[in-house]
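S.K.: Structure below; questions to follow.
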Amino acid sequence: MKVVEVSDKQSQKQFLNVVNVIYSDDKNYVRPLDSMIEEVFDANRNTYFNHGVATRFILIRNEEVIGRVAAFVNHKKSKGFDQPTGGLGFFECINDKEAAFVLFNAAKEWLKKNQMEAMDGPINFGENDNFWGCLVEGFSQPGFGMQYNPPYYKAFFEEYGFSTYFEQITNHLDLTVPFPERFWKIAGWVVKKEGFSFRHFRIKETDKFINDFEAIYNDAWRFHENFTPIDKKVLKATMMKTKAFMMEDLIWYAYHDGKPIGFIVLFPDVNQILKHFNGKMNLWNKLRFMWMKHRKYMTRARVVILGVVPKFQRSGIESGLFWHLQGVVDKNPHLKELELSWVGDFNPKMRILQESMGATFGKKHITYRYLFNKKNNGQTKATAIPLDTKYNAHKEK
């Protein structure tokens, strides 16, 4: 077996196309657009290269590509742990443990050369809403951006020596079934309460809503482990990339006395269309995309992110956001299901909220961590977000 670093168009193509070997008989697999993968490794398009480095490898045996892996360092995050920690991602491999270990070793050695002492994987060289975690339960068709892999990957990671850093749960919400009555009572009370208002996203006001998103995110997420503020350039680029399939009224903001305090972002599940394209968005597939979109092929949506600033947590704001979404669903009866993805085991509040809505289990992913020196007693489990961040925010004043 030979490990080759991706360095030219041929190896780039081989890196992308190895999935055709691994998923040839898997009807649930949806190949991500090649352009999405390539953007991650393009220093001109991925702003993470402004504060990080990345590489990728393919594994060849008997002139056939049988696996791939990427390794990267985000300098903004890497030194915020007990030990400098890099990332491993975009791992794919045939069902051969020896081959998998060769790929893991390649990533580890590259990260060591970049002064890392541990690696998390499988993760993304970007935000955690895409390509994050190893799927271990719920092998159904993935939502757009959600990681999918064969069941045997779990054994590869764990037998190599990775340990669970955190678990990610994705729940599903059947939109044909009414929410629990208690949930709607809270929502109805919140939306009528003086001082509160709700607005949905509008493309023509993108800059305003991005500024509001930044204010909410940087307040609501600051109690998350190793928090770094959101990059508005990344956020705006994401919004522009989803313009072709987004629905403005599936993205809602909450305000109190005119100040942004919460948001929920949903996108129609474009994977229901992309599964027909084998990773290619050529002119013909662009035309097919528009036709399928018009024909309502996207019958579910994915909740990508939901957040409320600490001061207004436990105030029913989340219920108020869903209240307004219900009106959108009523006007779009082709939407049958919401995928609530994903919530880490470090975020108990969000899990409680989803249970209160009547959501049911859909998938489970694991983000693993591997310490290069097992004797250094480094951190191997993510820190839970305090249940009462509202109290912690008050203590800071």
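Identifiers in this document derive from the order of the structure tokens: chains are assigned A, B, ..., residues are numbered from 1 separately in each chain, and ligands are numbered from 1 in order of occurrence.
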Give the strand (DSSP E) residues of stretch 47-82 of chain A, as DSSP finds them on the backbone, and put them as a ChimeraX atom specification.
M.R.: /A:52-61,64-74
S.K.: Near A:Val304, counting only C-alpha atoms, which residues have an atom at most 12 Å away, once you skip same-chain residues fewer than 5 positions from it, shown as a VMD selection string?
M.R.: chain A and resid 127 to 130 143 to 146 170 238 250 to 251 263 to 269 338 to 343
S.K.: Would you tabulate, counting only C-alpha atoms, all residues of stretch 22-114 of chain A that have an atom at most 10 Å from an atom of stretch 364-371 of chain A, showing the closest pair of atoms and their distance in Å to one decimal, sorted by chain then ascending number, as CSV?
M.R.:
residue,atom,partner,partner_atom,distance
A:Gln83,CA,A:Leu371,CA,8.5
A:Pro84,CA,A:Leu371,CA,9.8
A:Thr85,CA,A:Leu371,CA,8.5
A:Gly86,CA,A:Arg369,CA,9.6
A:Gly87,CA,A:Arg369,CA,9.0
A:Leu88,CA,A:Arg369,CA,9.6
A:Lys108,CA,A:Tyr370,CA,9.2
S.K.: Near A:Met239, within 12 Å and counting only C-alpha atoms, which residues show up once chain neighbours fewer than 6 positions away are dropped, as a PDB file with C-alpha atoms, in the first residue's frame?
M.R.:
ATOM      1  CA  PHE A 201     -34.816  36.445   7.032  1.00  0.00           C
ATOM      2  CA  ARG A 202     -34.897  38.456   3.806  1.00  0.00           C
ATOM      3  CA  ILE A 203     -32.194  38.263   1.153  1.00  0.00           C
ATOM      4  CA  LYS A 204     -32.465  41.973   0.437  1.00  0.00           C
ATOM      5  CA  GLU A 205     -31.579  42.655   4.093  1.00  0.00           C
ATOM      6  CA  THR A 206     -28.765  40.099   4.309  1.00  0.00           C
ATOM      7  CA  ASP A 207     -26.265  42.431   5.982  1.00  0.00           C
ATOM      8  CA  PHE A 209     -29.564  39.766   9.526  1.00  0.00           C
ATOM      9  CA  ILE A 210     -25.918  38.703   9.456  1.00  0.00           C
ATOM     10  CA  PHE A 213     -26.790  36.595  13.795  1.00  0.00           C
ATOM     11  CA  LYS A 232     -19.132  37.225   9.347  1.00  0.00           C
ATOM     12  CA  LYS A 233     -17.376  36.593   6.031  1.00  0.00           C
ATOM     13  CA  PHE A 245     -32.516  26.425  -2.380  1.00  0.00           C
ATOM     14  CA  MET A 246     -33.153  28.437   0.790  1.00  0.00           C
ATOM     15  CA  MET A 247     -36.630  29.542   1.846  1.00  0.00           C
ATOM     16  CA  GLU A 248     -36.471  32.955   3.499  1.00  0.00           C
ATOM     17  CA  ILE A 251     -35.081  31.369   8.967  1.00  0.00           C
ATOM     18  CA  VAL A 265     -32.048  28.502  10.733  1.00  0.00           C
ATOM     19  CA  LEU A 266     -33.607  25.801   8.572  1.00  0.00           C
ATOM     20  CA  PHE A 267     -32.747  24.814   5.021  1.00  0.00           C
TER      21      PHE A 267
END
S.K.: Find the spatial neighbours of stretch 270-287 of chain A, counting only C-alpha atoms, within a cut-off of 10 Å - ignore same-chain residues fewer than 2 positions away - and output them as JSON, numbers by chain.
M.R.: {"A": [16, 17, 20, 27, 28, 29, 30, 31, 32, 33, 34, 35, 36, 37, 141, 142, 143, 144, 145, 146, 242, 244, 245, 246, 267, 268, 289, 290, 291, 292, 293, 296, 297, 298, 299, 300, 301, 302]}
S.K.: Write a file of the selected residues as a JSON list (two decimals), in the first residue's frame, keeping C-alpha atoms.
M.R.:
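In the end it all went to out_9.json:
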[["chain", "number", "residue", "atom", "x", "y", "z"],
["A", 16, "LEU", "CA", -13.18, 12.56, -4.83],
["A", 17, "ASN", "CA", -14.00, 9.40, -6.73],
["A", 20, "ASN", "CA", -17.79, 5.32, -5.85],
["A", 27, "LYS", "CA", -28.74, 3.19, -1.63],
["A", 28, "ASN", "CA", -28.76, 5.65, 1.30],
["A", 29, "TYR", "CA", -25.49, 7.35, 0.45],
["A", 30, "VAL", "CA", -25.66, 10.82, -1.11],
["A", 31, "ARG", "CA", -22.41, 11.96, -2.68],
["A", 32, "PRO", "CA", -21.66, 15.57, -1.68],
["A", 33, "LEU", "CA", -21.05, 17.96, -4.53],
["A", 34, "ASP", "CA", -17.43, 17.75, -5.64],
["A", 35, "SER", "CA", -17.32, 21.57, -5.55],
["A", 36, "MET", "CA", -18.22, 21.53, -1.83],
["A", 37, "ILE", "CA", -15.33, 19.20, -1.04],
["A", 141, "GLN", "CA", -30.34, 8.94, 3.91],
["A", 142, "PRO", "CA", -28.38, 11.87, 5.36],
["A", 143, "GLY", "CA", -29.58, 15.46, 5.37],
["A", 144, "PHE", "CA", -27.56, 18.04, 3.47],
["A", 145, "GLY", "CA", -24.16, 18.51, 5.11],
["A", 146, "MET", "CA", -24.60, 15.59, 7.48],
["A", 242, "THR", "CA", -27.61, 28.39, -0.11],
["A", 244, "ALA", "CA", -30.50, 28.60, -4.76],
["A", 245, "PHE", "CA", -32.52, 26.42, -2.38],
["A", 246, "MET", "CA", -33.15, 28.44, 0.79],
["A", 267, "PHE", "CA", -32.75, 24.81, 5.02],
["A", 268, "PRO", "CA", -34.77, 22.53, 2.75],
["A", 289, "PHE", "CA", -32.21, 20.96, -10.06],
["A", 290, "MET", "CA", -34.57, 23.80, -10.95],
["A", 291, "TRP", "CA", -37.17, 21.35, -12.26],
["A", 292, "MET", "CA", -36.98, 19.11, -9.16],
["A", 293, "LYS", "CA", -37.17, 22.13, -6.88],
["A", 296, "LYS", "CA", -41.33, 19.89, -4.61],
["A", 297, "TYR", "CA", -38.77, 17.09, -4.36],
["A", 298, "MET", "CA", -37.55, 18.56, -1.06],
["A", 299, "THR", "CA", -40.11, 17.31, 1.47],
["A", 300, "ARG", "CA", -38.05, 17.80, 4.59],
["A", 301, "ALA", "CA", -35.92, 20.53, 6.10],
["A", 302, "ARG", "CA", -32.91, 20.50, 8.38]]
S.K.: If we count only C-alpha atoms and set the cut-off at 6 Å, which residues sit around stretch 51-68 of chain A, ignoring sequence neighbours fewer than 6 positions away in its own chain? Please answer as a list in words.
M.R.: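 Selected residues are Met1, Lys2, Val3, Val4, Glu5, Val6, Asn74, His75, Phe91, Glu92, Cys93 and Ile94 of chain A.
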S.K.: For A:Ile169, which residue among A:Ile22, A:Leu306, A:Ala359, A:Leu103 is the nearest when counting only C-alpha atoms?
M.R.: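 Closest to A:Ile169, using only C-alpha atoms: A:Ala359.
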S.K.: Mind checking which residues fall within 7 Å of stretch 155-157 of chain A, counting only C-alpha atoms, ignoring those fewer than 4 positions away in the same chain, and posting them as a list of chain:residue names?
M.R.: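 The contact residues come out as A:Lys97, A:Ala100, A:Gly161, A:Phe162.
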S.K.: Closest to A:Phe322 among A:Pro260, A:Asp219, A:Phe198, A:His334, using only C-alpha atoms?
M.R.: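 When distances to A:Phe322 are compared using only C-alpha atoms, the smallest one comes from A:Phe198.
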S.K.: With distances taken over only C-alpha atoms, which residue among A:Lys236, A:His256, A:Arg222, A:Lys243 lies nearest A:Phe196?
M.R.: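 Looking at the shortest contact to A:Phe196, the residue is A:His256.
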S.K.: Out of stretch 95-182 of chain A, which residues get alpha helix (DSSP H) from DSSP, as a list in words?
M.R.: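 Written out, the alpha helix (DSSP H) residues of stretch 95-182 of chain A are Lys97, Glu98, Ala99, Ala100, Phe101, Val102, Leu103, Phe104, Asn105, Ala106, Ala107, Lys108, Glu109, Trp110, Leu111, Lys112, Lys113, Tyr153, Lys154, Ala155, Phe156, Phe157, Glu158, Glu159, Tyr160, Glu181 and Arg182 of chain A.
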S.K.: Neighbouring residues of stretch 317-321 of chain A were defined as those with any atom within 9 Å, considering only C-alpha atoms; residues of the same chain fewer than 6 positions away were excluded. Please report them as a PyMOL selection string.
M.R.: chain A and resi 183-184+186-191+198+252-254+261-264+306-308+353+357
S.K.: Can you measure atom CA of A:Lys154 to atom CA of A:Gly133 for me? One decimal in Å is fine.
M.R.: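 Between atom CA of A:Lys154 and atom CA of A:Gly133 the gap is 10.4 Å.
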S.K.: Between atom CA of A:Tyr48 and atom CA of A:Phe125, what is the distance, to one decimal in Å?
M.R.: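 Distance between the two atoms: 7.0 Å.
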S.K.: Could you tell me which of A:Glu225, A:Asp120, A:Asp249, A:Asp231 comes closest to A:Ala384 if we count only C-alpha atoms?
M.R.: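 Among A:Glu225, A:Asp120, A:Asp249, A:Asp231, it is A:Glu225 that comes nearest to A:Ala384.
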S.K.: Restricting the calculation to only C-alpha atoms: of A:Lys76, A:Lys363, A:Lys375, A:Lys112, which residue gets closest to A:Glu167?
M.R.: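 Residue with the minimum atom-to-atom distance to A:Glu167: A:Lys363.
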S.K.: Taking into account only C-alpha atoms, which residue in the set A:Gln168, A:Gly80, A:Arg45, A:Thr176 is nearest to A:Pro333?
M.R.: A:Thr176
